[in-house]
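Enquirer: So that we are looking at the same thing, I have put the structure below in C-alpha cells.
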Amino acid sequence: MPDFEPILLRRINAGASPALDAYRADGGYRALTKALTEMTPAQVVDVVKNSGLRGRGGAGFPCGVKWTFLPPNHPGPIYLCVNADESEPCTFNNRILMDKDPHQVLEGILLACYATKASVAYIYIRYEYGTAYRSMQKAIDEAYGANLLGKNILGKEFSLDVYLHRGAGAYICGEETGLIESLEGKRGWPRIKPPFPAVEGAFRKPTVVNNIETLACVTHVVNRGADWFKTIGIPPDPKNPRDAGSYGSKLYCISGHVNKPCCVELPLGISVRELVDKHGGGVWKNRKAKGCIPGGISMGLMTEAEFDTPLDFNGPGKVGCLGLGTAAVTIFDDTTSIVDVLYNICRFFAHESCGQCTPCREGTGWMMKMLDRIRQGHGRMEDLDILDEVAKSIGIMPGTTICGLADGAGWPVKNAIAKFRPELEGYIRGGQKTSMSLAVVH
Amino acid sequence: MAVVLINDKPVDIGNERLNLVQAAAKAGVFIPHYCWHPALSVVASCRMCLVEVGDKKPDGTVAMQPRVVPACQTPAKDGTVCITNSEKAKFSQARTLEGLLLNHPLDCPVCDKAGECMLQDYSYRFGKAQSRMIDPKNRPANKPDIGEHLSLFTDRCIMCSRCVRFTREISGSAELQVINRGHHSEIDIFPGDPVNNPLAGNVVDLCPVGALANKEFLYKQRVWFLKSQKSVCAGCSTGCSIHIDHNKDIVYRIRPRENPQAQGYFICDEGRFDFPYINGKERFDRPLVKPAGERSEPAESAVAWETALPDIRDVLKKSASALAAVVSPMLTVEEAYLFAKLIKGFSPQATLYLGWVPNVGKDESFPRDRKGNPVGPVQFTIRAEKCPNRRGVEEVLKHFQGEVLGFDRLIADISSPLPTGGEGAGVRRRPQALYLTAGYPPRLGAWLNDEQTKTLSTIPLLIVQDLAPTPITQTARYVLPAATFAEKDGCFVNHANLAQQIRWAVRPGTMGRTDGQIFLSLLGRRGLIQATKIRQELAAEIPFFAPLAVGDLGEFGVKLG
Ligand SMILES: Cc1cc2nc3c(=O)[nH]c(=O)nc-3n(C[C@H](O)[C@H](O)[C@H](O)COP(=O)(O)O)c2cc1C
Ligand code: SF4
Ligand code: SF4
Ligand code: FES
C-alpha cells in the first residue's frame with residue numbers, strides 16, 4: 001500500500017500553526033461555510049450517516065445514526081457534549097488534536113451542532129490536559145472573535161456557544177452519562193438507561209455525546225463527502241450482517257515496550273504487527289513481544305501470535321478481545337510478567353470503578369486483591385477460576401452493571417486466563433514473587 | 001389490561017405502572033432488592049434484583065434477552081416474561097450477595113440489625129454460605145457522630161444509597177453523600193454538618209443492613225425479643241401509621257408503617273424518638289384523692305379504683321347542672337364519645353369544652369432546601385397541631401352539644417357572670433365542677449399558664465385526668481391517671497378526616513386503666529372496654545362517624561366526611 005496521506009494529522013505533521021489564520025489559510029472552515037450555505041442540517045446528518053463514520057471514543061457507534069436518535073422537532077435546547085476526557089490508559093490522540101489543531105476539532109463541533117440543532121456545546125476535557133485546555137480555549141476565543149461562534153455565525157441563522165469544562169481526574173467521567181452527571185456538578189456516576197442521552201441527557205435535555213476524534217472526522221466528511229470517506233478503511237464483512245464497516249482513518253497510539261512510542265494516522269484495519277514494526281520502531285531492547293493491549297486496557301489482551309489481527313471495528317473481537325476501543329496499542333515484551341500486567345490493570349479498575357454497582361465495585365476490588373496476593377507469591381490455583389468467574393460475570397454484557405467499565409475490567413482478566421494460563425499457573429505453582437514493585441493504590 | 005408472566009405464572013396487573021419487583025410481588029414471588037424503594041428514585045445499582053426477562057409474542061413464542069436485567073428498572077408490560085429462579089438468575093443473585101459480603105465485617109452477633117437484616121435474610125435465601133475471599137477486608141472507620149440520633153457502622157454498609165437519596169429526595173437537606181470510589185466508597189457527611197434534619201431517623205429504617213443505627217435504640221434490645229403493634233402516632237394531626245416495638249410492657253422503638261392514605265412511608269423524628277415518657281417513672285398509675293377543703297395542700301392519697309370511681313360519680317351527679325368537662329384531643333373518638341355521653345348523662349346542661357389544642361410553630365413540609373424553602377412536590381408534612389384527634393373530638397362535641405366550645409371559652413366562662421344554677425335548656429352555667437382530661441406528652445411543656453391554673457382552681461370541684469403531676473393536678477380534688485396512645489385501643493381522626501385505628505402495645509402501669517375504661521366504669525357499664533363495640537355504637541348514633549360501622553378500620557384507616 002502506498003504511504004497513506006494523513007487527514008486529521010495533515011497540518012499537525014506538517015508543523016502548521018494552530019492559529020485561526022493559519023487554519024483558514026489551509027482551507028479551514030470551508031466545510032462549515034459549505035454546510036451553512038449549501039446544506040440543511042438534515043443533509044449534514046445524511047452525509048455523516050452515509051459516510052459510515054463510527055465513534056472513535058471506544059464504542060464505535062455509527063455517528064450519523066446516533067444523531068438521528070434525537071427527538072424530531074424538539075423545541076430545544078439540545079446539547080452536544082464533546083468527550084475530551086480521554087482517560088483510557090495509553091490513549092493520547094485527542095490530546096494531540098486539541099493541542100496542535102484545535103480549529104479542526106472546533107469546526108467538527110460546529111458542524112455537529114448545526115446538524116443536530118444543538119445550541120450549546122460543552123467540551124468536557126480531562127483535567128490533566130493543561131496545554132490542550134489552553135489551546136482549545138484560545139481557539140474558542142479566536143472563533144468568537146471571528147463570528148465563528150456566538151450569534152448568527154457567518155451571518156446565518158445558526159448560533160452556538162461552546163464551553164470548556166475541566167474534569168477532575170476520573171476515568172468514569174469519560175463514560176458518556178458519567179460525563180453528563182459530572183458536567184451537571186454531580187458525582188460522576190453513570191446513569192441507568194433508558195433514557196439515553198439523545199432523549200434525556202445533560203440538564204435533562206436531548207444530548208449528543210461525541211469523541212474529539214469523531215468530530216474531527218466530521219469536518220472532513222462534510223468537506224469531502226461520504227463517498228470519499230468510504231474509500232478509506234475496510235468495508236463491512238459480508239459474512240457478518242451486524243458489521244457496519246470500518247471506514248476512514250484512525251489515530252493509532254503506540255506505546256509500551258517499543259522503540260518509538262507515537263501516534264500515527266492510518267486507514268482502519270492496520271495490524272498490530274505492522275504498527276509495531278513499521279511505526280513503533282519495533283520492540284525495544286531487541287526483545288520479542290509477549291503480547292499487547294490492543295485498544296486501551298478495557299479491550300483485553302492479545303498474544304504475540306495474534307498480532308496480525310487487523311485493528312478495525314471487527315478485528316479484535318475475532319481473537320476474543322472486546323473491540324477496537326481507542327486503538328491505543330501497548331506492547332509488553334517477553335520479560336514482562338503477565339501477573340504484573342494484570343495486577344496493574346486490576347489496580348487501575350479498582351481505583352476507577354465509580355462504586356455504584358455491586359458487581360463492579362466489589363469485583364474490581366477483589367480481583368485486585370487476588371492479583372496482589374498472587375504477585376506476592378501466595379496465589380492458589382483456584383484463584384484463577386475465581387478470577388475467571390468474576391471477570392466474566394461483571395459488566396453490561398452479562399447484564400450485571402450500569403456501565404461498560406466493568407466489562408473493560410473483566411476482559412483483560414478473562415483474556416489473560418484464556419491466553420496466558422500456563423504462565424499464570426507456573427507462577428502460582430512456583431510461589432514466584434514479582435520482579436516489579438508497585439506502590440499499591442488503595 | 002396487562003398480563004405478565006412471572007416464573008410461568010400469569011398475573012394481571014391491570015393498568016398499573018409497575019416494575020418487575022412489584023409485579024412479581026403480585027404473583028407472590030419475592031425478588032430480593034436493596035437499592036429500590038417505592039418512595040425513592042430508581043438507581044438500579046445494587047444488582048440484587050437480577051432476573052431473566054423476555055417477551056411473549058402474540059404467536060406464543062417467547063424471546064428471552066441474553067443478559068440478566070435488574071427487575072427494579074424493568075417495567076412490567078403486557079407479555080413481559082420474568083424468570084427469577086433459573087440457574088442464571090440465581091447465579092447472578094448469589095454473585096451479588098457474595099460481592100456484598102466480601103468486605104462486610106460479619107459482626108452480626110453485636111449488630112443491632114441482626115434478626116431483621118436484609119443481608120442476613122437474603123444471604124440465607126439467595127446466597128452462598130461460604131466466602132471465597134481470603135484476602136484482608138477493607139476496614140473503614142465507623143462514624144458514631146454522623147447524626148444526633150444516628151451512628152454509622154461504615155463497614156456494614158452495602159452502598160445501596162437509599163440513605164443518600166432520602167436526604168436528597170424526601171428531606172431535601174442532602175447531608176449524606178458518597179465519598180471515595182470503587183470498593184473504598186463510603187457514606188459520609190460534610191465535616192461539621194451531621195444528619196439532624198427533622199426526618200433523619202428514617203434512614204435507619206431505610207438502611208437494609210446494620211450500617212445506620214438509631215442511637216436511642218442501640219444495644220437496648222435484640223429485635224427478636226420485640227413484639228410489634230400496628231398503631232398511629234399521636235405526635236401531630238398528620239397521624240402517621242406506625243409500629244410500636246415493645247417487650248414486657250416497655251416501648252423500645254417506634255417505626256413508620258406504610259400508609260398511602262396517611263403519610264406514606266416515613267415518620268418524623270419527634271414521633272420516632274418522643275416515647276420515653278410512656279415508660280416514665282413519674283406517671284400516675286392510680287387515683288389520688290384530696291380531702292375536701294384542703295385543696296392547696298398536697299395531702300393527696302392514693303385510693304383504690306373501687307372507692308374512687310363511685311365517689312367521683314356521686315360528686316359529679318351532685319354538681320350536674322353546673323358541670324363542665326374538657327375533652328382532650330389526645331383522647332380517642334371512642335373515649336370522647338363515652339366521656340361526652342357520661343357528662344351529658346348527668347344533665348343536658350352540663351357543658352363540654354374541647355381541650356387545649358397545642359399548636360407549635362408552622363406546618364413543616366418536605367423536601368425543603370437547606371435554607372428551608374420548599375422544593376418540588378411535597379413528600380411529607382409535620383403538622384403544627386401537635387395532637388392526634390382534634391377532628392374526632394370536635395365531631396363528638398358537635399353531636400352532643402351542637403357546637404364546639406374551645407378551651408379559652410371555658411376560662412372565660414369560669415370568670416364570667418353566667419348563672420351558677422337553675423333550670424332552662426340551652427343556658428350555659430358557670431361551672432361549679434370540672435372534669436378535665438389532658439394526657440399531653442411532656443415535650444409540649446406546661447400547657448396552662450399560671451393565670452389559667454389559678455382560674456381553674458377557683459372551681460369548687462376539680463377532677464383532672466392526666467399522665468403525670470403538673471400544677472393543675474396538684475390543685476385537683478381527684479386525680480385520675482390517663483393513658484398514652486400506646487396503651488389503648490380506639491381511633492383517631494387526622495387532619496384530613498382519616499380515621500385510623502390505634503392498638504394497645506403496653507399496659508398503663510400495673511394499677512393503671514385507660515381513659516376509656518374509666519369512662520365506661522363511670523357510666524356504670526360493666527366489663528372491659530372493647531373499642532370496636534363502642535366504635536360501632538357511636539357509628540350508629542353519629543352520622544359523621546357512620547363509616548366506622550365496619551368496626552375494624554384495617555391497616556390504612558377509613559375516610560370520613
Ligand atoms: C468506562 C468508560 C470510559 C470511557 N471513556 C471515554 C473517554 O475517555 N473518551 C471518549 O471519547 N469516550 C469514552 N467512553 C465512551 C463513551 O461512553 C461514549 O461512547 C463516547 O464518548 C461516544 O462518542 P463517539 O460515539 O464519538 O465515540 C468511555 C466509556 C466507558 C464505558
Ligand atoms: S459498572 Fe462500575 S464504573 Fe460503571 S456505573 Fe457500575 S460501578 Fe460505576
Ligand atoms: S448506610 Fe445503609 S442505607 Fe446508606 S448506603 Fe449504606 S447500606 Fe444503604
Ligand atoms: S434493587 Fe434493583 S438494582 Fe438494586
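Please note that chains go A, B, ... in the order of the C-alpha cells, that every chain numbers its residues from 1, and that ligands are numbered from 1 in the order shown.
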Please check the contacts: residues of chain A at most 8 Å away from chain B, using only C-alpha atoms, listed as a VMD selection string.

Expert: chain A and resid 191 to 192 350 to 366 369 to 370 373 393 397 to 402 442

Enquirer: Deliver the residues from the most recent selection as a file, using C-alpha atoms, as a short mmCIF file (atom, residue, chain, number, x, y, z; two decimals), in the first residue's frame.

Expert:
data_model
loop_
_atom_site.label_atom_id
_atom_site.label_comp_id
_atom_site.auth_asym_id
_atom_site.auth_seq_id
_atom_site.Cartn_x
_atom_site.Cartn_y
_atom_site.Cartn_z
CA ARG A 191 -26.88 6.82 34.66
CA ILE A 192 -29.15 3.91 34.03
CA ALA A 350 -10.40 -0.99 41.27
CA HIS A 351 -9.27 2.58 41.61
CA GLU A 352 -11.53 3.93 38.88
CA SER A 353 -14.76 1.98 39.42
CA CYS A 354 -17.25 4.59 40.48
CA GLY A 355 -18.59 2.19 43.08
CA GLN A 356 -22.28 2.25 42.22
CA CYS A 357 -22.85 -1.28 41.04
CA THR A 358 -22.12 -4.05 43.50
CA PRO A 359 -20.60 -6.46 40.96
CA CYS A 360 -18.17 -3.83 39.64
CA ARG A 361 -17.35 -2.18 42.96
CA GLU A 362 -16.67 -5.43 44.77
CA GLY A 363 -15.46 -7.41 41.77
CA THR A 364 -12.75 -4.96 40.75
CA GLY A 365 -11.52 -4.68 44.35
CA TRP A 366 -11.49 -8.42 44.80
CA LYS A 369 -6.60 -8.17 45.95
CA MET A 370 -6.28 -11.61 44.42
CA ARG A 373 -1.65 -11.82 46.61
CA SER A 393 -19.85 -12.02 35.44
CA MET A 397 -22.73 -7.73 28.61
CA PRO A 398 -23.71 -10.21 31.31
CA GLY A 399 -26.17 -7.56 32.48
CA THR A 400 -24.87 -7.03 35.96
CA THR A 401 -23.75 -3.40 35.83
CA ILE A 402 -24.80 0.03 34.68
CA HIS A 442 -5.80 1.67 47.88
#

Enquirer: Could you please write out, as a ChimeraX atom specification, every residue of stretch 198-357 of chain A that DSSP assigns to helix (DSSP H, G or I)?

Expert: /A:202-204,212-224,226-230,272-279,284-286,297-299,304-306,315-318,338-352

Enquirer: Return as a PyMOL selection string every polymer residue, whether protein, DNA or RNA, with at least one atom no more than 10 Å from an atom of ligand 3; count only C-alpha atoms and all ligand atoms.

Expert: chain B and resi 34-35+46+118-119+151-166+176-178+185-188+202-213

Enquirer: Would you save the residues of that selection, restricted to C-alpha atoms, as an mmCIF file, in the first residue's frame?

Expert:
data_model
loop_
_atom_site.group_PDB
_atom_site.id
_atom_site.type_symbol
_atom_site.label_atom_id
_atom_site.label_comp_id
_atom_site.auth_asym_id
_atom_site.auth_seq_id
_atom_site.Cartn_x
_atom_site.Cartn_y
_atom_site.Cartn_z
ATOM 1 C CA TYR B 34 -31.802 -3.354 48.169
ATOM 2 C CA CYS B 35 -31.447 -0.070 46.346
ATOM 3 C CA CYS B 46 -27.154 -2.818 43.861
ATOM 4 C CA MET B 118 -31.874 -7.946 54.667
ATOM 5 C CA LEU B 119 -28.267 -9.004 54.216
ATOM 6 C CA SER B 151 -24.449 6.213 64.165
ATOM 7 C CA LEU B 152 -22.834 4.834 61.013
ATOM 8 C CA PHE B 153 -21.133 1.464 61.137
ATOM 9 C CA THR B 154 -19.330 2.218 57.924
ATOM 10 C CA ASP B 155 -18.024 -1.281 57.264
ATOM 11 C CA ARG B 156 -21.501 -2.811 57.327
ATOM 12 C CA CYS B 157 -22.764 -0.547 54.547
ATOM 13 C CA ILE B 158 -23.696 -2.188 51.254
ATOM 14 C CA MET B 159 -23.756 1.130 49.339
ATOM 15 C CA CYS B 160 -27.377 0.908 48.305
ATOM 16 C CA SER B 161 -27.514 4.732 48.530
ATOM 17 C CA ARG B 162 -31.028 4.718 49.929
ATOM 18 C CA CYS B 163 -29.971 6.973 52.788
ATOM 19 C CA VAL B 164 -28.335 9.421 50.414
ATOM 20 C CA ARG B 165 -31.367 9.563 48.187
ATOM 21 C CA PHE B 166 -33.650 10.017 51.191
ATOM 22 C CA LEU B 176 -25.445 12.439 53.183
ATOM 23 C CA GLN B 177 -23.185 11.663 50.268
ATOM 24 C CA VAL B 178 -20.839 9.034 48.977
ATOM 25 C CA SER B 185 -16.772 4.131 48.619
ATOM 26 C CA GLU B 186 -18.267 5.233 51.915
ATOM 27 C CA ILE B 187 -21.285 7.083 53.153
ATOM 28 C CA ASP B 188 -20.301 10.328 54.815
ATOM 29 C CA ASN B 202 -35.960 7.351 58.605
ATOM 30 C CA VAL B 203 -32.587 6.472 57.161
ATOM 31 C CA VAL B 204 -32.289 3.814 59.846
ATOM 32 C CA ASP B 205 -35.420 2.052 58.608
ATOM 33 C CA LEU B 206 -34.353 2.521 55.007
ATOM 34 C CA CYS B 207 -30.935 1.024 55.644
ATOM 35 C CA PRO B 208 -31.295 -2.629 54.701
ATOM 36 C CA VAL B 209 -28.363 -3.572 56.923
ATOM 37 C CA GLY B 210 -26.966 -2.517 60.273
ATOM 38 C CA ALA B 211 -24.920 0.360 58.923
ATOM 39 C CA LEU B 212 -27.093 3.247 60.030
ATOM 40 C CA ALA B 213 -28.182 2.734 63.606
#

Enquirer: Determine, counting only C-alpha atoms, which protein, DNA and RNA residues have an atom within 12 Å of an atom of A:Ala22; residues of the same chain fewer than 6 positions away are not included. Present the result as a list in words.

Expert: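 Once the adjacent positions are removed, what remains is Arg11, Ile12, Gly15, Ala16, Gly28, Tyr29, Lys100, Asp101, Pro102, His103, Gln104, Ala139 and Glu142 of chain A.
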
Enquirer: Please identify the residues whose atoms come within 7 Å of ligand 1, using only C-alpha atoms and all ligand atoms, and report them as a ChimeraX atom specification.

Expert: /A:54-63,83-88,171-176,209-212,214-215,403-405

Enquirer: Would you mind telling me which residue in B:Ile6, B:Leu20, B:Gly60, B:Leu436 lies nearest to ligand 4 when using only C-alpha atoms and all ligand atoms?

Expert: B:Leu20

Enquirer: Could you pull out the strand (DSSP E) residues of stretch 104-245 of chain A, going by DSSP on the backbone, and write them as a VMD selection string?

Expert: chain A and resid 120 to 125 161 to 166 207 to 211 233 to 234

Enquirer: Env of A:Pro422: 12 Å cut, atoms = only C-alpha atoms, seq-sep filter 6 positions within chain, self excluded. Answer as an MDAnalysis selection string.

Expert: chainID A and resid 338:339 381 384 416 428:430

Enquirer: Return the single residue from A:Trp284, A:Tyr124, A:Trp189, A:Phe348 that is closest to ligand 2, with distances computed using only C-alpha atoms and all ligand atoms.

Expert: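 Closest candidate: A:Trp189.
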
Enquirer: Contacts of stretch 288-295 of chain A at 6 Å or less, counting only C-alpha atoms, minus same-chain residues fewer than 4 places along, as a list in words?

Expert: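 Neighbouring residues, sequence-local ones excluded: Met299, Leu301, Met302, Thr303, Glu304, Leu324, Gly325, Thr326, Ala327, Ala328, Val329, Thr330, Ile331, Phe332, Asp333 and Asp334 of chain A.
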
Enquirer: Just the selected residues (N, CA and C atoms), exported as a PDB file, in the first residue's frame, please.

Expert:
ATOM      1  N   MET A 299      -9.972  -3.374  26.452  1.00  0.00           N
ATOM      2  CA  MET A 299     -10.283  -4.253  25.335  1.00  0.00           C
ATOM      3  C   MET A 299      -9.705  -5.649  25.509  1.00  0.00           C
ATOM      4  N   LEU A 301      -6.486  -8.520  26.082  1.00  0.00           N
ATOM      5  CA  LEU A 301      -5.090  -8.766  25.751  1.00  0.00           C
ATOM      6  C   LEU A 301      -4.977  -9.583  24.473  1.00  0.00           C
ATOM      7  N   MET A 302      -3.911  -9.315  23.719  1.00  0.00           N
ATOM      8  CA  MET A 302      -3.580 -10.142  22.560  1.00  0.00           C
ATOM      9  C   MET A 302      -2.224 -10.777  22.808  1.00  0.00           C
ATOM     10  N   THR A 303      -2.056 -12.005  22.335  1.00  0.00           N
ATOM     11  CA  THR A 303      -0.729 -12.610  22.383  1.00  0.00           C
ATOM     12  C   THR A 303       0.034 -12.187  21.141  1.00  0.00           C
ATOM     13  N   GLU A 304       1.330 -12.417  21.175  1.00  0.00           N
ATOM     14  CA  GLU A 304       2.153 -12.050  20.015  1.00  0.00           C
ATOM     15  C   GLU A 304       1.646 -12.765  18.770  1.00  0.00           C
ATOM     16  N   LEU A 324     -12.322  -2.692  19.193  1.00  0.00           N
ATOM     17  CA  LEU A 324     -11.237  -1.823  18.771  1.00  0.00           C
ATOM     18  C   LEU A 324     -10.849  -0.860  19.873  1.00  0.00           C
ATOM     19  N   GLY A 325     -11.861  -0.445  20.643  1.00  0.00           N
ATOM     20  CA  GLY A 325     -11.586   0.504  21.719  1.00  0.00           C
ATOM     21  C   GLY A 325     -11.071   1.806  21.172  1.00  0.00           C
ATOM     22  N   THR A 326      -9.998   2.292  21.769  1.00  0.00           N
ATOM     23  CA  THR A 326      -9.439   3.558  21.312  1.00  0.00           C
ATOM     24  C   THR A 326      -8.286   3.320  20.350  1.00  0.00           C
ATOM     25  N   ALA A 327      -8.059   2.068  19.988  1.00  0.00           N
ATOM     26  CA  ALA A 327      -6.963   1.706  19.085  1.00  0.00           C
ATOM     27  C   ALA A 327      -5.621   2.188  19.620  1.00  0.00           C
ATOM     28  N   ALA A 328      -5.467   2.137  20.914  1.00  0.00           N
ATOM     29  CA  ALA A 328      -4.195   2.510  21.528  1.00  0.00           C
ATOM     30  C   ALA A 328      -3.489   1.213  21.915  1.00  0.00           C
ATOM     31  N   VAL A 329      -2.420   0.933  21.181  1.00  0.00           N
ATOM     32  CA  VAL A 329      -1.747  -0.357  21.348  1.00  0.00           C
ATOM     33  C   VAL A 329      -0.587  -0.208  22.332  1.00  0.00           C
ATOM     34  N   THR A 330      -0.577  -1.075  23.333  1.00  0.00           N
ATOM     35  CA  THR A 330       0.523  -1.069  24.295  1.00  0.00           C
ATOM     36  C   THR A 330       1.209  -2.431  24.253  1.00  0.00           C
ATOM     37  N   ILE A 331       2.474  -2.404  23.928  1.00  0.00           N
ATOM     38  CA  ILE A 331       3.212  -3.657  23.775  1.00  0.00           C
ATOM     39  C   ILE A 331       3.908  -4.003  25.091  1.00  0.00           C
ATOM     40  N   PHE A 332       3.864  -5.262  25.482  1.00  0.00           N
ATOM     41  CA  PHE A 332       4.751  -5.671  26.568  1.00  0.00           C
ATOM     42  C   PHE A 332       5.680  -6.775  26.081  1.00  0.00           C
ATOM     43  N   ASP A 333       6.938  -6.668  26.498  1.00  0.00           N
ATOM     44  CA  ASP A 333       7.944  -7.593  25.943  1.00  0.00           C
ATOM     45  C   ASP A 333       7.943  -8.915  26.697  1.00  0.00           C
ATOM     46  N   ASP A 334       8.745  -9.838  26.201  1.00  0.00           N
ATOM     47  CA  ASP A 334       8.657 -11.205  26.729  1.00  0.00           C
ATOM     48  C   ASP A 334       9.298 -11.366  28.100  1.00  0.00           C
TER      49      ASP A 334
END

Enquirer: Using only C-alpha atoms, which protein or nucleic acid residues come within 12 Å of A:Ala31? Drop anything in the same chain fewer than 3 positions from it, and give the result as a ChimeraX atom specification.

Expert: /A:24,27-28,34-39,44,103-104,106-112,114,216-225

Enquirer: Report, in Å to a single decimal, how far apart atom CA of A:Val390 and atom CA of A:Thr336 are.

Expert: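 Rounded to one decimal, the two atoms are 24.3 Å apart.
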
Enquirer: Which residues are near A:Tyr163? Cut-off 9 Å, only C-alpha atoms, ignore same chain within fewer than 6 positions. Put them as a list in words.

Expert: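 Answer for this query is Val120, Ala121, Tyr122, Ile123, Tyr124, Gln137 and Ile140 of chain A.
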
Enquirer: Which is closer to ligand 4 than all the others in B:Lys318, B:Arg383, B:His33, B:Arg253, using only C-alpha atoms and all ligand atoms?

Expert: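 Among B:Lys318, B:Arg383, B:His33, B:Arg253, it is B:His33 that comes nearest to ligand 4.
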
Enquirer: May I ask which of the residues A:Asn286, A:Thr309, A:Gln432, A:Thr177 is the closest one to ligand 2, counting only C-alpha atoms and all ligand atoms?

Expert: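 Among the listed residues, A:Thr177 lies closest to ligand 2.
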